[in-house]
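This report concerns only the one structure given below.
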Amino acid sequence: MEQTNTLARARRYEEQHRTPAEKRPVFHAVPPVGWCNDPNGWSCFGGQYHLFYQYHPYGTNWGPMHWGHAVTKDFLHWQDRPCALAPDSPFDQNGCFSGGAMEWKGKQLILYTGVMPEGEGEIQQQCLALGDGETYEKASAPVLTCDEQPAGASRKDFRDPFLFAQDGMVYMLVGGRGFNGHGRLLLYRNPRPEDTAARWEFVQTLAENDGSLGSMWECPGLFTLEGRTVLIISPQFVHQAADDRYHCGNDTAALIGRWDGPGTPFVLQADQPLDSGLDFYAPQTLETPDGRRVLIGWMQNWDHCYPPQDAPWYGQMSLPRELFWQGKVLCQRPVRELDAARRLRVEHCGVEVENGPVTLDGVQGRVLDCDLQVDVRDARRFGVRIACGKACWAEVRFDLEDGLLRLDRRHAGGFRDALELRETPLLAPIGHTLRLRMVLDRYSAEFFLQDGQQVASMTLYNAPADAGGIQFFARGRASMDLRLYDLAL
Ligand code: FRU
């Protein structure tokens with residue numbers, strides 16, 4: 001397979017500018033250099049998990065979209081692979097946008113959105129590439145054009161195909177947009193997707209935005225977990241969410257319901273946000289060979305992308321998270337591979353936290369995993385400050401009086417415009433005991449509350465070496481058991 005100049009240039013560039021391990025997170029995926037956004041093609045192939053991502057190697061800003069590529073065997077150690085796709089064809093010259101991948105007939109089948117100019121604007125169409133896990137050959141024209149949509153469709157918002165196989169067919173779920181501006185999810189199928197002469201058949205509109213959650217729905221996903229079907233969406237431009245579990249701007253949601261398969265309606269029963277933090281968008285899921293459904297997201301948000309000066313890379317992936325149910329709540333926990341890497345560093349039991357701040361021997365750092373169990377029956381508030389340095393910190397706080405989870409990065413430093421506080425309702429009942437797992441990895445923190453019933457993520461760009469303090473505080477009196485683990489990676 002011959003490489004085009006655009007692809008060869010990207011591969012050469014990343015080879016020459018590869019960020020050394022000590023300047024990356026320890027176990028979260030980042031691009032070797034430059035910018036990344038959405039995870040793409042998150043799937044198993046050839047005994048490894050493949051992560052592709054939206055990628056602009058030449059700067060820490062969004063630019064002409066390539067597909068970057070990394071692989072992992074354990075969700076924690078990532079190996080860069082050469083850039084997989086470059087915007088080098090007439091039909092994707094304005095970008096190779098998000099999409100999916102899967103194993104099909106011994107090859108890796110990729111479908112992505114090709115963006116090309118048309119008149120004064122652009123159109124988006126679905127394009128095919130086939131490969132061996134490292135090199136990909138594109139089909140010579142889009143396989144699903146923007147005109148192959150139900151009536152009343154936008155030709156410029158038709159993107160982010162998600163793939164799955166069923167009964168010998170490949171299905172593709174694509175985000176589209178009606179003339180009313182609302183997002184909708186369109187399902188297509190093809191028994192022979194590798195054959196560019198075989199057209200994609202439209203099956204159904206699987207879900208449609210009634211206007212209550214943003215406008216366009218980006219990056220759809222679909223899976224069934226223990227009998228319940230989940231549609232993943234990333235709604236854009238939420239300006240007045242129907243309820244305060246969602247925030248303005250770009251958010252993510254799981255639409256949970258019943259679906260009896262292609263051609264039958266999806267019956268929505270509930271919805272929930274996937275992350276209550278500051279940075280999370282465009283997640284995808286895969287199923288592991290041992291049957292786990294694992295979610296990964298872009299740990300960043302369009303609404304506050306401020307690359308620190310001189311950063312070699314910008315944009316991180318979240319920790320891969322296993323999905324499971326507790327009652328009707330879709331929960332997330334770090335992949336069990338992280339549990340296996342935990343080595344107890346220190347344990348403190350029955351620590352009284354009254355006002356504060358309280359610091360504890362051995363409790364500091366920016367790469368760790370920590371379980372807290374806090375008796376809050378006599379507390380009105382409990383909180384943790386992490387990444388504390390000289391006059392800087394970031395905070396997660398549970399306000400039990402007003403029932404809010406607060407994530408505060410206004411004093412974290414690291415970048416000029418880091419003025420963010422997010423307040424979200426506490427979604428899981430706390431009762432007398434708050435359970436919190438904190439996973440820190442140099443430039444990020446992920447908080448799993450009440451055994452994963454609610455998750456909140458944030459990136460941190462103050463210097464890890466200068467800001468590793470951890471402090472606890474309360475209003476009223478809290479009693480805390482803590483176990484802090486180093487990670488053997
Ligand atoms: C989501 C998104 C996708 C698009 C890609 C472009 O973050 O806007 O809809 O394919 O990013 O980089």
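Chains: A, B, ... in order of the structure tokens. Residues: from 1 per chain. Ligands: from 1, in order shown.
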
Exercise. Mind listing the residues within 6 Å of ligand 1, only C-alpha atoms and all ligand atoms counted, as a list of chain:residue names?
Worked result: A:Asp38, A:Gln54, A:Phe97, A:Ser98, A:Arg159, A:Asp160, A:Glu218, A:Cys219, A:Ala282

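With only C-alpha atoms as the atoms that count, the residue of A:Asn355, A:Asn40, A:Asn209, A:Ser479 with the shortest distance to Gln284 of chain A is A:Asn40.
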
Exercise. So which residues touch Ala153 of chain A within 9 Å, counting only C-alpha atoms, skipping near sequence neighbours fewer than 3 positions away, as a list in words?
Worked result: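 Skipping anything fewer than 3 positions along the chain leaves Cys146, Asp147, Gln149, Pro150, Lys156, Asp157, Phe158, Gly176, Arg177, Gly178 and Phe179 of chain A.
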
Selected residues written out, N, CA and C atoms, as an mmCIF file, in the first residue's frame:
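The file below, out-v8.cif, is the result:
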```
data_model
loop_
_atom_site.group_PDB
_atom_site.id
_atom_site.type_symbol
_atom_site.label_atom_id
_atom_site.label_comp_id
_atom_site.auth_asym_id
_atom_site.auth_seq_id
_atom_site.Cartn_x
_atom_site.Cartn_y
_atom_site.Cartn_z
ATOM 1 N N CYS A 146 -23.905 11.924 1.547
ATOM 2 C CA CYS A 146 -24.825 12.719 2.365
ATOM 3 C C CYS A 146 -26.225 12.759 1.749
ATOM 4 N N ASP A 147 -26.354 12.294 0.512
ATOM 5 C CA ASP A 147 -27.688 12.271 -0.104
ATOM 6 C C ASP A 147 -28.447 10.984 0.189
ATOM 7 N N GLN A 149 -29.694 9.881 2.877
ATOM 8 C CA GLN A 149 -30.345 10.031 4.176
ATOM 9 C C GLN A 149 -31.834 10.205 3.955
ATOM 10 N N PRO A 150 -32.631 9.973 5.002
ATOM 11 C CA PRO A 150 -34.060 10.260 4.863
ATOM 12 C C PRO A 150 -34.267 11.739 4.529
ATOM 13 N N LYS A 156 -24.340 18.764 5.742
ATOM 14 C CA LYS A 156 -23.059 19.084 6.372
ATOM 15 C C LYS A 156 -22.943 18.578 7.810
ATOM 16 N N ASP A 157 -24.027 18.046 8.339
ATOM 17 C CA ASP A 157 -23.938 17.416 9.660
ATOM 18 C C ASP A 157 -24.376 15.974 9.522
ATOM 19 N N PHE A 158 -23.483 15.135 9.122
ATOM 20 C CA PHE A 158 -23.770 13.721 8.894
ATOM 21 C C PHE A 158 -22.456 12.999 9.187
ATOM 22 N N GLY A 176 -26.957 12.330 12.393
ATOM 23 C CA GLY A 176 -27.439 13.229 11.345
ATOM 24 C C GLY A 176 -28.209 14.368 11.977
ATOM 25 N N ARG A 177 -28.746 15.213 11.103
ATOM 26 C CA ARG A 177 -29.440 16.390 11.616
ATOM 27 C C ARG A 177 -30.561 16.756 10.668
ATOM 28 N N GLY A 178 -31.748 16.907 11.212
ATOM 29 C CA GLY A 178 -32.876 17.316 10.377
ATOM 30 C C GLY A 178 -32.843 18.811 10.118
ATOM 31 N N PHE A 179 -33.709 19.282 9.251
ATOM 32 C CA PHE A 179 -33.734 20.716 8.945
ATOM 33 C C PHE A 179 -34.156 21.558 10.147
#
```

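Residues of segment 226-284 of chain A assigned to strand (DSSP E) by DSSP on this structure's backbone: Arg228, Thr229, Val230, Leu231, Ile232, Ile233, Ser234, Pro235, Ala253, Ala254, Leu255, Ile256, Gly257, Arg258, Trp259, Phe266, Val267, Leu268, Gln269, Ala270, Asp271, Gln272, Pro273, Tyr281, Ala282, Pro283 and Gln284 of chain A.
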
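Among the candidates A:Asp441, A:Glu103, A:Asp275, A:Glu122, the one nearest to Lys23 of chain A when counting only C-alpha atoms is A:Asp441.
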
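Omitting Ile386 of chain A and its sequence neighbours fewer than 3 positions away, and counting only C-alpha atoms, the residues within 7 Å are Trp393, Ala394, Glu395, Gly468, Gly469, Ile470 and Gln471 of chain A.
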
Exercise. Nearest to Arg409 of chain A: which of A:Pro357, A:Asn462, A:Thr424, A:His432 is it, counting only C-alpha atoms?
Worked result: A:Asn462

Problem set entry | Residue nearest Gly99 of chain A - candidates A:Val30, A:Trp62, A:Phe75, A:Val174, atoms counted: only C-alpha atoms |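 With only C-alpha atoms as the atom set, the closest residue is A:Val174.
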
Exercise. With distances taken over only C-alpha atoms, which of A:Ala21, A:Gly261, A:Pro82, A:Ala129 is nearest to Asp167 of chain A?
Worked result: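 Ranked by minimum distance to Asp167 of chain A, first place goes to A:Gly261.
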
Problem set entry | helix (DSSP H, G or I) per DSSP on the backbone: members of segment 179-411 of chain A, as number ranges by chain | A: 302-304, 336-341

Output C-alpha atoms of each residue in that selection to a file, as a CSV table (one decimal), in the first residue's frame.
```csv
chain,number,residue,atom,x,y,z
A,302,TRP,CA,-14.6,21.9,23.6
A,303,ASP,CA,-15.7,24.6,25.9
A,304,HIS,CA,-12.4,25.0,27.5
A,336,ARG,CA,-9.8,-4.2,36.6
A,337,GLU,CA,-6.3,-4.1,35.2
A,338,LEU,CA,-5.8,-1.0,37.3
A,339,ASP,CA,-6.9,-2.9,40.4
A,340,ALA,CA,-4.2,-5.4,39.7
A,341,ALA,CA,-1.5,-2.7,39.6
```

For this session: Kindly indicate which residue among A:Val346, A:Leu368, A:Leu426, A:Val455 lies nearest to Asp481 of chain A, using only C-alpha atoms for the distances.
Result: A:Val346
